[in-house]
$ cat structure_14.cif   # mmCIF, C-alpha atoms and all ligand atoms
data_protein
#
loop_
_atom_site.label_atom_id
_atom_site.label_comp_id
_atom_site.auth_asym_id
_atom_site.auth_seq_id
_atom_site.Cartn_x
_atom_site.Cartn_y
_atom_site.Cartn_z
CA MET A 5 -15.51 -83.13 42.08
CA PRO A 6 -17.52 -84.71 39.28
CA GLY A 7 -17.21 -83.47 35.74
CA LEU A 8 -13.74 -82.06 35.35
CA ASP A 9 -10.40 -81.57 37.02
CA ALA A 10 -10.54 -77.88 37.90
CA GLU A 11 -6.99 -77.88 39.33
CA LYS A 12 -5.72 -78.99 35.93
CA VAL A 13 -8.03 -76.60 34.04
CA ARG A 14 -6.79 -73.60 36.06
CA ARG A 15 -3.24 -74.17 34.87
CA ASP A 16 -4.38 -72.95 31.43
CA PHE A 17 -5.39 -69.58 32.89
CA PRO A 18 -2.34 -67.31 33.33
CA ILE A 19 -4.26 -64.90 35.59
CA PHE A 20 -4.28 -67.42 38.42
CA ARG A 21 -0.56 -66.81 38.86
CA ILE A 22 -1.22 -63.33 40.23
CA LYS A 23 -1.56 -62.47 43.89
CA VAL A 24 -4.06 -59.94 45.21
CA ASN A 25 -3.20 -58.26 48.49
CA GLY A 26 -0.40 -60.79 48.83
CA LYS A 27 -2.82 -63.74 48.65
CA PRO A 28 -3.44 -66.28 45.90
CA PHE A 29 -6.17 -64.89 43.68
CA VAL A 30 -9.67 -66.36 43.96
CA TYR A 31 -12.07 -65.32 41.21
CA LEU A 32 -15.75 -65.68 42.06
CA ASP A 33 -17.18 -63.24 39.52
CA SER A 34 -17.48 -65.28 36.33
CA ALA A 35 -21.12 -64.29 35.86
CA ALA A 36 -19.78 -60.77 35.18
CA THR A 37 -17.03 -62.00 32.86
CA SER A 38 -14.98 -65.18 32.67
CA GLN A 39 -11.21 -65.43 32.85
CA LYS A 40 -9.40 -66.35 29.61
CA PRO A 41 -7.36 -69.49 28.96
CA LYS A 42 -4.03 -69.39 27.15
CA GLN A 43 -5.64 -71.11 24.14
CA VAL A 44 -7.84 -68.04 23.57
CA ILE A 45 -5.09 -65.54 24.33
CA ASN A 46 -2.74 -67.38 21.96
CA ALA A 47 -5.33 -67.60 19.15
CA ILE A 48 -5.79 -63.82 19.24
CA SER A 49 -2.07 -63.20 19.53
CA ARG A 50 -1.37 -65.60 16.61
CA TYR A 51 -3.84 -63.70 14.42
CA TYR A 52 -2.16 -60.38 15.19
CA LYS A 53 1.34 -61.79 14.81
CA THR A 54 0.92 -63.92 11.70
CA TYR A 55 -2.21 -63.14 9.64
CA ASN A 56 -3.61 -59.77 10.66
CA ALA A 57 -5.71 -58.54 7.72
CA ASN A 58 -9.24 -57.37 7.02
CA ILE A 59 -11.81 -60.01 6.06
CA HIS A 60 -14.13 -60.40 3.06
CA ARG A 61 -12.00 -57.94 1.09
CA GLY A 62 -8.45 -59.03 0.37
CA VAL A 63 -7.58 -61.50 -2.35
CA TYR A 64 -4.23 -62.14 -0.75
CA GLN A 65 -3.27 -65.08 1.40
CA ILE A 66 -3.47 -63.72 4.95
CA SER A 67 -6.78 -61.96 4.29
CA GLU A 68 -8.23 -65.23 3.05
CA LYS A 69 -6.85 -66.97 6.13
CA ALA A 70 -8.41 -64.34 8.44
CA THR A 71 -11.75 -64.63 6.60
CA GLU A 72 -11.71 -68.40 6.95
CA ALA A 73 -10.83 -68.24 10.68
CA TYR A 74 -13.63 -65.72 11.34
CA GLU A 75 -16.20 -67.74 9.40
CA GLU A 76 -15.02 -70.98 10.97
CA SER A 77 -15.65 -69.47 14.40
CA LYS A 78 -19.30 -68.99 13.39
CA ARG A 79 -19.55 -72.65 12.37
CA LYS A 80 -18.17 -73.58 15.80
CA VAL A 81 -20.70 -71.35 17.58
CA ALA A 82 -23.52 -72.75 15.42
CA SER A 83 -22.52 -76.28 16.32
CA LEU A 84 -22.23 -75.42 20.06
CA ILE A 85 -25.89 -74.33 20.23
CA ASN A 86 -27.14 -76.62 17.45
CA ALA A 87 -28.08 -73.84 15.02
CA ALA A 88 -28.71 -75.03 11.45
CA SER A 89 -25.76 -73.14 9.95
CA LEU A 90 -23.54 -70.08 10.21
CA GLU A 91 -26.29 -68.12 8.41
CA GLU A 92 -28.18 -68.06 11.71
CA ILE A 93 -25.24 -66.69 13.70
CA VAL A 94 -24.96 -62.89 13.76
CA TYR A 95 -22.03 -61.42 15.64
CA THR A 96 -22.74 -58.38 17.78
CA ARG A 97 -20.77 -56.78 20.61
CA ASN A 98 -22.58 -58.65 23.42
CA THR A 99 -25.93 -59.97 24.69
CA THR A 100 -27.15 -56.42 25.13
CA GLU A 101 -26.51 -55.52 21.51
CA SER A 102 -28.07 -58.79 20.32
CA ILE A 103 -31.32 -58.01 22.15
CA ASN A 104 -31.27 -54.41 20.91
CA LEU A 105 -30.79 -55.69 17.36
CA VAL A 106 -34.03 -57.69 17.66
CA ALA A 107 -35.79 -54.65 19.15
CA LEU A 108 -34.56 -52.33 16.39
CA SER A 109 -35.14 -54.70 13.50
CA TRP A 110 -37.75 -57.45 14.00
CA ALA A 111 -39.75 -55.64 16.70
CA GLU A 112 -39.59 -52.29 14.94
CA GLN A 113 -41.40 -53.94 12.00
CA ASN A 114 -43.74 -56.25 13.90
CA ILE A 115 -44.78 -54.44 17.09
CA ALA A 116 -47.45 -51.76 16.79
CA LYS A 117 -49.48 -49.54 19.13
CA ASN A 118 -51.10 -51.46 22.00
CA ASP A 119 -49.22 -54.68 21.15
CA ARG A 120 -47.84 -56.45 24.20
CA ILE A 121 -44.35 -57.66 25.03
CA LEU A 122 -44.10 -60.18 27.85
CA ILE A 123 -40.91 -60.32 29.94
CA SER A 124 -40.33 -61.60 33.48
CA GLU A 125 -39.53 -60.13 36.87
CA LEU A 126 -36.06 -61.67 36.94
CA GLU A 127 -34.65 -60.02 33.82
CA HIS A 128 -31.34 -58.23 33.49
CA HIS A 129 -31.61 -54.59 32.36
CA SER A 130 -30.51 -55.73 28.89
CA ASN A 131 -33.78 -57.61 28.51
CA ILE A 132 -35.92 -54.84 29.99
CA VAL A 133 -34.71 -51.47 28.74
CA PRO A 134 -34.76 -52.24 24.96
CA TRP A 135 -38.44 -53.26 25.37
CA LEU A 136 -39.29 -50.18 27.43
CA MET A 137 -37.66 -48.07 24.72
CA LEU A 138 -39.57 -49.91 22.00
CA ALA A 139 -42.84 -49.57 23.94
CA LYS A 140 -42.23 -45.83 24.19
CA ARG A 141 -41.53 -45.51 20.46
CA LYS A 142 -44.53 -47.58 19.40
CA GLY A 143 -47.10 -47.09 22.14
CA ALA A 144 -46.79 -50.80 22.96
CA ILE A 145 -47.14 -52.33 26.44
CA VAL A 146 -44.62 -54.31 28.50
CA ASP A 147 -46.07 -56.95 30.86
CA TYR A 148 -44.23 -59.04 33.45
CA ILE A 149 -44.41 -62.74 34.27
CA LYS A 150 -44.72 -62.64 38.06
CA LEU A 151 -41.99 -64.22 40.09
CA ASP A 152 -42.68 -66.14 43.26
CA ALA A 153 -40.14 -64.16 45.27
CA LYS A 154 -39.94 -66.83 47.99
CA LEU A 155 -39.35 -69.68 45.59
CA CYS A 156 -37.27 -67.50 43.24
CA LYS A 157 -38.90 -68.97 40.17
CA PHE A 158 -42.01 -68.53 38.14
CA ASP A 159 -44.45 -71.31 37.56
CA ASP A 160 -46.58 -72.42 34.61
CA ALA A 161 -49.60 -70.57 35.95
CA SER A 162 -47.84 -67.17 35.92
CA VAL A 163 -46.54 -67.80 32.40
CA GLU A 164 -50.06 -68.74 31.26
CA LYS A 165 -51.48 -65.66 32.96
CA GLY A 166 -48.99 -63.46 31.12
CA LEU A 167 -49.90 -65.12 27.84
CA GLU A 168 -53.61 -64.38 28.31
CA LYS A 169 -52.99 -60.91 26.89
CA ASN A 170 -51.69 -62.41 23.63
CA PRO A 171 -48.22 -60.85 23.50
CA LYS A 172 -46.44 -60.56 20.17
CA LEU A 173 -43.11 -61.30 21.83
CA VAL A 174 -42.06 -63.21 24.94
CA ALA A 175 -38.52 -62.36 26.08
CA VAL A 176 -37.07 -64.21 29.08
CA SER A 177 -33.73 -65.18 30.60
CA HIS A 178 -32.58 -68.77 30.46
CA CYS A 179 -30.81 -68.33 33.83
CA SER A 180 -31.04 -65.48 36.31
CA ASN A 181 -27.75 -63.69 36.97
CA VAL A 182 -28.94 -62.92 40.53
CA LEU A 183 -30.93 -65.94 41.70
CA GLY A 184 -29.18 -68.52 39.55
CA THR A 185 -32.58 -70.04 38.71
CA ILE A 186 -32.68 -72.03 35.48
CA ILE A 187 -35.93 -71.31 33.66
CA ASP A 188 -37.66 -74.03 31.67
CA VAL A 189 -37.49 -71.97 28.48
CA LYS A 190 -38.55 -74.89 26.32
CA SER A 191 -41.89 -74.95 28.12
CA VAL A 192 -42.19 -71.14 27.96
CA ALA A 193 -41.50 -71.21 24.21
CA LYS A 194 -44.04 -73.97 23.62
CA LYS A 195 -46.76 -72.07 25.45
CA ALA A 196 -45.83 -68.76 23.80
CA HIS A 197 -45.95 -70.27 20.32
CA VAL A 198 -49.47 -71.52 20.95
CA VAL A 199 -50.64 -67.89 21.23
CA GLY A 200 -48.57 -66.93 18.18
CA ALA A 201 -45.83 -65.01 20.03
CA LYS A 202 -42.19 -65.01 18.97
CA VAL A 203 -39.72 -66.04 21.69
CA LEU A 204 -36.42 -64.42 22.62
CA ILE A 205 -34.16 -66.10 25.15
CA ASP A 206 -31.42 -64.21 26.98
CA GLY A 207 -28.79 -66.92 27.24
CA ALA A 208 -26.00 -64.80 28.75
CA GLN A 209 -25.83 -67.06 31.81
CA SER A 210 -26.69 -70.38 30.17
CA VAL A 211 -24.53 -70.89 27.07
CA PRO A 212 -21.26 -70.68 29.06
CA HIS A 213 -22.44 -73.21 31.64
CA MET A 214 -24.63 -75.92 30.10
CA ARG A 215 -25.58 -77.68 26.90
CA VAL A 216 -27.93 -75.43 24.96
CA ASP A 217 -29.89 -76.56 21.93
CA VAL A 218 -31.75 -73.71 20.27
CA LYS A 219 -33.72 -76.11 18.07
CA GLU A 220 -34.89 -78.20 21.00
CA ILE A 221 -35.91 -75.03 22.88
CA ASP A 222 -37.49 -73.78 19.64
CA ALA A 223 -36.22 -70.26 20.35
CA ASP A 224 -36.86 -67.69 17.65
CA PHE A 225 -34.04 -65.50 18.97
CA PHE A 226 -31.25 -66.43 21.38
CA ALA A 227 -28.68 -63.92 22.68
CA PHE A 228 -25.36 -64.43 24.49
CA SER A 229 -21.90 -62.92 25.08
CA GLY A 230 -18.44 -64.23 24.21
CA HIS A 231 -16.73 -62.72 27.24
CA LYS A 232 -18.71 -64.86 29.71
CA MET A 233 -17.71 -68.12 27.98
CA LEU A 234 -13.88 -67.90 28.02
CA GLY A 235 -13.86 -65.64 24.94
CA PRO A 236 -12.80 -62.03 24.53
CA ALA A 237 -14.96 -58.98 25.28
CA GLY A 238 -16.62 -57.11 22.42
CA ILE A 239 -18.05 -60.14 20.64
CA GLY A 240 -21.57 -61.42 21.22
CA VAL A 241 -24.01 -63.62 19.38
CA LEU A 242 -27.53 -63.29 18.12
CA TYR A 243 -28.94 -66.59 16.95
CA ALA A 244 -32.21 -66.26 15.04
CA LYS A 245 -34.18 -68.61 12.85
CA LYS A 246 -33.16 -68.12 9.24
CA SER A 247 -36.72 -67.34 8.13
CA LEU A 248 -36.85 -64.44 10.60
CA LEU A 249 -33.40 -63.08 9.72
CA GLU A 250 -34.40 -63.15 6.05
CA GLU A 251 -37.41 -60.91 6.75
CA MET A 252 -35.60 -58.55 9.12
CA PRO A 253 -34.14 -55.28 7.80
CA PRO A 254 -30.53 -54.43 8.66
CA VAL A 255 -30.09 -51.86 11.42
CA LEU A 256 -26.69 -50.44 10.49
CA GLY A 257 -25.70 -49.58 6.93
CA GLY A 258 -22.23 -49.48 5.41
CA GLY A 259 -19.53 -51.79 4.15
CA ASP A 260 -19.78 -55.59 4.29
CA MET A 261 -23.57 -55.62 4.85
CA ILE A 262 -24.31 -54.99 1.15
CA ARG A 263 -24.19 -57.04 -2.02
CA SER A 264 -24.34 -53.96 -4.26
CA VAL A 265 -24.88 -50.23 -3.95
CA GLU A 266 -26.10 -47.70 -6.53
CA HIS A 267 -26.48 -43.95 -6.13
CA PHE A 268 -30.05 -44.31 -4.92
CA GLY A 269 -30.36 -47.81 -3.63
CA PHE A 270 -28.64 -50.89 -2.29
CA THR A 271 -29.12 -54.63 -2.05
CA ALA A 272 -28.40 -56.16 1.33
CA ASN A 273 -25.84 -58.92 1.66
CA GLU A 274 -26.74 -62.54 2.31
CA LEU A 275 -27.05 -63.94 5.84
CA PRO A 276 -25.59 -63.39 8.32
CA TRP A 277 -23.46 -60.58 6.90
CA LYS A 278 -26.36 -58.22 6.26
CA PHE A 279 -26.40 -57.50 10.00
CA GLU A 280 -22.64 -56.91 10.32
CA ALA A 281 -21.83 -53.49 8.90
CA GLY A 282 -18.23 -52.28 8.73
CA THR A 283 -15.02 -54.06 9.61
CA ALA A 284 -15.84 -56.90 11.98
CA ASN A 285 -14.33 -57.65 15.37
CA ILE A 286 -12.06 -60.16 13.66
CA GLU A 287 -9.85 -61.01 16.62
CA GLY A 288 -12.99 -61.28 18.74
CA GLY A 289 -14.50 -63.86 16.40
CA ILE A 290 -11.26 -65.83 16.24
CA GLY A 291 -10.93 -65.70 20.04
CA LEU A 292 -14.53 -66.85 20.45
CA GLY A 293 -13.88 -69.77 18.11
CA ALA A 294 -10.95 -70.80 20.31
CA ALA A 295 -13.15 -70.43 23.40
CA VAL A 296 -15.77 -72.75 21.88
CA ASP A 297 -13.02 -75.30 21.19
CA CYS A 298 -12.04 -75.17 24.88
CA LEU A 299 -15.65 -75.54 26.06
CA LYS A 300 -16.22 -78.48 23.74
CA LYS A 301 -13.03 -80.15 24.88
CA LEU A 302 -14.07 -79.79 28.52
CA GLY A 303 -17.59 -80.94 27.61
CA MET A 304 -20.67 -78.87 28.42
CA ASP A 305 -22.17 -81.67 30.52
CA ASN A 306 -18.94 -81.94 32.53
CA ILE A 307 -18.94 -78.17 33.06
CA ARG A 308 -22.53 -78.31 34.29
CA ALA A 309 -21.78 -81.25 36.62
CA HIS A 310 -18.75 -79.44 38.05
CA GLU A 311 -20.67 -76.23 38.69
CA ARG A 312 -23.65 -78.09 40.12
CA ALA A 313 -21.34 -79.81 42.62
CA LEU A 314 -19.65 -76.52 43.55
CA THR A 315 -23.02 -74.82 43.99
CA LYS A 316 -24.24 -77.63 46.25
CA TYR A 317 -21.01 -77.48 48.26
CA ALA A 318 -21.27 -73.69 48.63
CA LEU A 319 -24.98 -73.72 49.56
CA GLU A 320 -24.32 -76.37 52.22
CA ARG A 321 -21.36 -74.45 53.66
CA ILE A 322 -23.09 -71.07 53.68
CA ALA A 323 -26.17 -72.55 55.38
CA GLY A 324 -23.94 -73.31 58.36
CA VAL A 325 -22.94 -69.65 58.75
CA GLY A 326 -25.47 -67.64 60.75
CA GLY A 327 -26.49 -64.08 59.95
CA VAL A 328 -26.36 -64.62 56.20
CA ASP A 329 -29.39 -64.58 53.92
CA VAL A 330 -28.97 -66.54 50.68
CA CYS A 331 -31.10 -65.76 47.63
CA GLY A 332 -32.45 -68.34 45.26
CA LEU A 333 -33.62 -71.92 45.35
CA PRO A 334 -32.53 -74.07 48.31
CA VAL A 335 -29.90 -76.77 48.03
CA ASN A 336 -32.42 -79.56 47.32
CA HIS A 337 -33.26 -77.70 44.09
CA VAL A 338 -29.65 -77.42 42.95
CA ASP A 339 -30.58 -79.09 39.65
CA ASN A 340 -32.46 -75.90 38.81
CA ARG A 341 -29.63 -73.53 39.68
CA VAL A 342 -26.51 -72.39 37.89
CA GLY A 343 -23.38 -71.49 39.84
CA VAL A 344 -24.54 -68.08 41.00
CA ILE A 345 -25.13 -67.38 44.69
CA ALA A 346 -26.30 -63.93 45.75
CA PHE A 347 -26.28 -63.31 49.50
CA GLU A 348 -26.63 -60.65 52.15
CA ILE A 349 -24.59 -60.53 55.33
CA LEU A 350 -27.31 -59.02 57.46
CA GLY A 351 -26.53 -55.48 58.53
CA VAL A 352 -23.50 -55.05 56.22
CA HIS A 353 -23.64 -53.25 52.87
CA ALA A 354 -22.67 -55.45 49.91
CA HIS A 355 -19.88 -53.04 48.94
CA ASP A 356 -18.28 -53.44 52.38
CA VAL A 357 -18.56 -57.21 51.97
CA ALA A 358 -16.82 -57.05 48.58
CA SER A 359 -14.05 -54.84 50.02
CA VAL A 360 -13.30 -57.32 52.81
CA PHE A 361 -13.29 -60.15 50.26
CA ASP A 362 -10.87 -58.13 48.13
CA SER A 363 -8.57 -57.69 51.12
CA GLU A 364 -8.48 -61.51 51.21
CA GLY A 365 -7.64 -61.71 47.50
CA ILE A 366 -11.17 -62.79 46.51
CA ALA A 367 -13.20 -61.11 43.75
CA VAL A 368 -16.98 -61.08 44.22
CA ARG A 369 -19.54 -58.72 42.75
CA ALA A 370 -21.71 -56.37 44.80
CA GLY A 371 -24.68 -54.16 43.94
CA HIS A 372 -27.93 -54.60 42.06
CA HIS A 373 -26.31 -56.75 39.35
CA CYS A 374 -27.98 -54.78 36.56
CA ALA A 375 -31.30 -56.22 37.67
CA MET A 376 -32.77 -53.37 39.74
CA PRO A 377 -36.43 -54.31 39.25
CA LEU A 378 -35.66 -57.79 40.63
CA VAL A 379 -33.29 -56.81 43.44
CA VAL A 380 -34.92 -53.60 44.62
CA GLU A 381 -38.60 -53.95 43.70
CA THR A 382 -39.21 -57.71 43.96
CA LEU A 383 -36.64 -58.86 46.55
CA HIS A 384 -36.65 -55.50 48.43
CA LYS A 385 -32.87 -55.50 48.85
CA PRO A 386 -30.75 -52.36 48.45
CA ALA A 387 -27.83 -54.45 47.17
CA LEU A 388 -26.50 -58.00 47.23
CA SER A 389 -23.10 -59.65 47.24
CA ARG A 390 -22.68 -62.44 44.68
CA MET A 391 -20.27 -65.27 44.08
CA SER A 392 -20.34 -67.12 40.79
CA PHE A 393 -18.39 -70.16 39.64
CA TYR A 394 -16.82 -71.50 36.49
CA VAL A 395 -14.56 -74.26 35.21
CA TYR A 396 -11.49 -73.08 37.16
CA ASN A 397 -13.10 -72.84 40.61
CA THR A 398 -12.51 -75.41 43.32
CA GLU A 399 -13.94 -76.29 46.73
CA SER A 400 -10.95 -74.56 48.25
CA ASP A 401 -12.07 -71.25 46.61
CA ILE A 402 -15.40 -71.67 48.37
CA ASP A 403 -13.69 -72.43 51.69
CA ARG A 404 -11.74 -69.18 51.29
CA ALA A 405 -15.03 -67.35 50.62
CA MET A 406 -16.57 -68.82 53.78
CA ASP A 407 -13.56 -67.61 55.81
CA ALA A 408 -14.04 -64.15 54.27
CA ILE A 409 -17.72 -64.15 55.31
CA ARG A 410 -16.63 -64.97 58.87
CA LYS A 411 -14.12 -62.12 58.73
CA VAL A 412 -16.84 -59.66 57.60
CA LYS A 413 -19.07 -60.79 60.45
CA SER A 414 -16.30 -60.36 62.94
CA ILE A 415 -15.32 -56.87 61.70
CA PHE A 416 -18.95 -55.67 61.68
CA LYS A 417 -19.88 -57.61 64.82
CA ILE A 418 -22.74 -59.49 63.16
CA LYS A 419 -24.32 -62.13 65.36
CA ASP A 420 -25.30 -65.57 64.08
CA SER A 421 -28.82 -64.75 65.23
CA ALA A 422 -29.13 -61.69 62.94
CA ARG A 423 -32.38 -61.86 60.98
CA ALA A 424 -33.39 -60.53 57.58
CA ARG A 425 -35.25 -57.24 57.67
CA VAL A 426 -37.68 -58.29 54.93
N1 LIG B 501 -24.54 -59.77 33.49
C1 LIG B 501 -23.42 -59.77 35.62
O1 LIG B 501 -22.48 -59.47 36.38
P1 LIG B 501 -23.47 -58.07 28.28
O2 LIG B 501 -23.08 -56.99 29.23
O3 LIG B 501 -24.27 -57.54 27.14
O4 LIG B 501 -22.37 -58.96 27.89
O5 LIG B 501 -24.47 -59.04 29.10
C2 LIG B 501 -25.66 -58.51 29.60
C3 LIG B 501 -26.41 -59.54 30.35
C4 LIG B 501 -27.64 -59.94 29.87
N2 LIG B 501 -28.36 -60.87 30.49
C5 LIG B 501 -27.93 -61.48 31.60
C6 LIG B 501 -28.77 -62.56 32.23
C7 LIG B 501 -26.70 -61.11 32.15
O6 LIG B 501 -26.27 -61.71 33.26
C8 LIG B 501 -25.94 -60.11 31.53
C9 LIG B 501 -24.63 -59.64 32.11
C10 LIG B 501 -23.31 -59.42 34.17
O7 LIG B 501 -24.40 -60.38 36.02
C11 LIG B 501 -22.91 -57.99 33.98
S1 LIG B 501 -24.12 -56.85 34.52
#
$ encode --input "structure_14.cif" --output "structure tokens"
Amino acid sequence: MPGLDAEKVRRDFPIFRIKVNGKPFVYLDSAATSQKPKQVINAISRYYKTYNANIHRGVYQISEKATEAYEESKRKVASLINAASLEEIVYTRNTTESINLVALSWAEQNIAKNDRILISELEHHSNIVPWLMLAKRKGAIVDYIKLDAKLCKFDDASVEKGLEKNPKLVAVSHCSNVLGTIIDVKSVAKKAHVVGAKVLIDGAQSVPHMRVDVKEIDADFFAFSGHKMLGPAGIGVLYAKKSLLEEMPPVLGGGDMIRSVEHFGFTANELPWKFEAGTANIEGGIGLGAAVDCLKKLGMDNIRAHERALTKYALERIAGVGGVDVCGLPVNHVDNRVGVIAFEILGVHAHDVASVFDSEGIAVRAGHHCAMPLVVETLHKPALSRMSFYVYNTESDIDRAMDAIRKVKSIFKIKDSARARV
């Protein structure tokens, strides 16, 4: 496999020593959350065991050490995505909270009645619901970039059509968590800026899997989650251009987000702390810093090459199994796909598929993948099964998945000739 030695990488992940239903564990659900390497687990454990203290408060040694480790993690994140400095890196709980922060702060100030927000038909609920809520509060309007459901992507023409209504904000995913499609967000941002819109990119499924450069994309806002990129849960990132963060009001008030407080007023803290009220998720930040170290050591281009090869391998194998409908771009477009393959074994509910996989020791996700408008309204599917890959997956994991598909077909008596209903 090009890119990296996944067999060697997996040895750093203690979870792969477990057995599920008596079988070696295969994890094909990294789009939901990644597994954690010992380097991340140890960094968190080391903090708790040797320098557990609150940050930005203590003048004693271990508090200073904790503050430095937390701040250093922001420098690492900034460097990973090529942000100018740690001032542009706000820690949140996850992608969802990062997007909500933009909705409650920047958009609350800049979106008025009848203003338009342009999103796309392949968004995750996290990049739909905050805008529907905002639209309801403000009397604004949400429009959708139309997806070519057959091709599983949207083209320049549909982006340009969406921009005709002069949106104030364009908010799109970098990679779909259902179709795996990689969106040319640089081109979207360029077009959106021409009409004066700000651009938010949901990078939940891109930052863990490929080299991302927020400056090159020219994103105004960029959101992602630590737990999908080898880091712990409960820590997410909002990148925003410094000029925007400077203008934006804080959403939560309290400790750490202030420089000074009087009885009837306060001065907000400098960036990025003005958006981080209360005691931070210190171990989360430290764990995320360790995760970034691991990703950098593996090399983002190597990770991408590895996952591209696995995706190609899986798409070729699954094409040879009849009675299975695969979503997303075909194998000759693998350059435009991340390692996410949603599929339907025709005539079998996705939850039954996932149960049979589980009986074989394989974890896959089933359902609408928090993208109901895409899955139900655009693709007309009640539910889908999904396998997704990361640095620790191998061709042999995919072979096991193919055997599990054959087992499902045999249990439910699905013929190779079964056809999709839609
Ligand atoms: N998708 C999946 O199984 P949070 O939950 O905030 O860390 O991430 C939300 C999110 C936002 N955008 C995209 C494109 C995503 O894929 C996700 C999370 C997981 O596909 C859980 S639903």
$ closest_residue --input "structure_14.cif" --among "A:Val255, A:Cys156, A:Val342, A:Ala193" --to "ligand LIG 501 (chain B)" --atoms "only C-alpha atoms and all ligand atoms"
A:Val342
$ closest_residue --input "structure_14.cif" --among "A:Val192, A:Ala36, A:Ile66, A:Met252" --to "A:Met391" --atoms "all atoms listed in the file"
A:Ala36
$ closest_residue --input "structure_14.cif" --among "A:Glu75, A:Ile59, A:Tyr31, A:Val344" --to "A:Ala405" --atoms "all atoms listed in the file"
A:Tyr31
$ closest_atom_pairs --input "structure_14.cif" --of "chain A" --to "ligand LIG 501 (chain B)" --cutoff "6 Å" --atoms "all atoms listed in the file" --output "JSON lines"
{"residue": "A:Ala35", "atom": "CA", "partner": "B:LIG501", "partner_atom": "O1", "distance": 5.0}
{"residue": "A:Ala36", "atom": "CA", "partner": "B:LIG501", "partner_atom": "O1", "distance": 3.2}
{"residue": "A:Asn98", "atom": "CA", "partner": "B:LIG501", "partner_atom": "O3", "distance": 4.2}
{"residue": "A:Thr99", "atom": "CA", "partner": "B:LIG501", "partner_atom": "O3", "distance": 3.8}
{"residue": "A:Thr100", "atom": "CA", "partner": "B:LIG501", "partner_atom": "O3", "distance": 3.7}
{"residue": "A:His128", "atom": "CA", "partner": "B:LIG501", "partner_atom": "N2", "distance": 5.0}
{"residue": "A:Ser130", "atom": "CA", "partner": "B:LIG501", "partner_atom": "C4", "distance": 5.2}
{"residue": "A:Ser177", "atom": "CA", "partner": "B:LIG501", "partner_atom": "C6", "distance": 5.8}
{"residue": "A:Ser180", "atom": "CA", "partner": "B:LIG501", "partner_atom": "C6", "distance": 5.5}
{"residue": "A:Asn181", "atom": "CA", "partner": "B:LIG501", "partner_atom": "O6", "distance": 4.5}
{"residue": "A:Asp206", "atom": "CA", "partner": "B:LIG501", "partner_atom": "N2", "distance": 5.7}
{"residue": "A:Ala208", "atom": "CA", "partner": "B:LIG501", "partner_atom": "C5", "distance": 4.8}
{"residue": "A:Gln209", "atom": "CA", "partner": "B:LIG501", "partner_atom": "C6", "distance": 5.4}
{"residue": "A:Ser229", "atom": "CA", "partner": "B:LIG501", "partner_atom": "O4", "distance": 4.9}
{"residue": "A:His373", "atom": "CA", "partner": "B:LIG501", "partner_atom": "O7", "distance": 5.3}
{"residue": "A:Cys374", "atom": "CA", "partner": "B:LIG501", "partner_atom": "S1", "distance": 4.8}
$ write_last_selection --input "structure_14.cif" --atoms "C-alpha atoms" --output "PDB file, in the frame of the given file"
ATOM      1  CA  ALA A  35     -21.120 -64.290  35.860  1.00  0.00           C
ATOM      2  CA  ALA A  36     -19.780 -60.770  35.180  1.00  0.00           C
ATOM      3  CA  ASN A  98     -22.580 -58.650  23.420  1.00  0.00           C
ATOM      4  CA  THR A  99     -25.930 -59.970  24.690  1.00  0.00           C
ATOM      5  CA  THR A 100     -27.150 -56.420  25.130  1.00  0.00           C
ATOM      6  CA  HIS A 128     -31.340 -58.230  33.490  1.00  0.00           C
ATOM      7  CA  SER A 130     -30.510 -55.730  28.890  1.00  0.00           C
ATOM      8  CA  SER A 177     -33.730 -65.180  30.600  1.00  0.00           C
ATOM      9  CA  SER A 180     -31.040 -65.480  36.310  1.00  0.00           C
ATOM     10  CA  ASN A 181     -27.750 -63.690  36.970  1.00  0.00           C
ATOM     11  CA  ASP A 206     -31.420 -64.210  26.980  1.00  0.00           C
ATOM     12  CA  ALA A 208     -26.000 -64.800  28.750  1.00  0.00           C
ATOM     13  CA  GLN A 209     -25.830 -67.060  31.810  1.00  0.00           C
ATOM     14  CA  SER A 229     -21.900 -62.920  25.080  1.00  0.00           C
ATOM     15  CA  HIS A 373     -26.310 -56.750  39.350  1.00  0.00           C
ATOM     16  CA  CYS A 374     -27.980 -54.780  36.560  1.00  0.00           C
TER      17      CYS A 374
END
$ atom_distance --input "structure_14.cif" --atom1 "atom CA of A:Cys298" --atom2 "atom CA of A:Leu234"
8.1 Å
$ atom_distance --input "structure_14.cif" --atom1 "atom CA of A:Lys246" --atom2 "atom CA of A:Ser124"
26.1 Å
$ residues_around --input "structure_14.cif" --residues "stretch 273-275 of chain A" --least-positions-apart "3" --cutoff "7 Å" --atoms "only C-alpha atoms" --output "list in words"
Glu91, Met261, Ile262, Arg263 and Lys278 of chain A
$ residues_around --input "structure_14.cif" --residues "A:Pro236" --least-positions-apart "6" --cutoff "12 Å" --atoms "all atoms listed in the file" --output "JSON, numbers by chain"
{"A": [37, 38, 39, 40, 41, 42, 43, 44, 45, 46, 47, 48, 49, 97, 98, 229, 230, 285, 286, 287, 288, 289, 290, 291, 292, 293, 294, 295, 296]}
$ residues_around --input "structure_14.cif" --residues "A:Phe20" --least-positions-apart "4" --cutoff "9 Å" --atoms "all atoms listed in the file" --output "PyMOL selection string"
chain A and resi 14-16+28-31
$ atom_distance --input "structure_14.cif" --atom1 "atom CA of A:Ile345" --atom2 "atom CA of A:Asp305"
20.3 Å
$ residues_near_point --input "structure_14.cif" --point "(-37.8, -65.3, 13.1)" --cutoff "7 Å" --atoms "all atoms listed in the file" --output "compact mmCIF listing (two decimals) with C-alpha atoms, in the frame of the given file"
# COMPACT_ATOMS: atom_id res chain seq x y z
CA ASP A 224 -36.86 -67.69 17.65
CA PHE A 225 -34.04 -65.50 18.97
CA ALA A 244 -32.21 -66.26 15.04
CA LYS A 245 -34.18 -68.61 12.85
CA LYS A 246 -33.16 -68.12 9.24
CA SER A 247 -36.72 -67.34 8.13
CA LEU A 248 -36.85 -64.44 10.60
CA LEU A 249 -33.40 -63.08 9.72
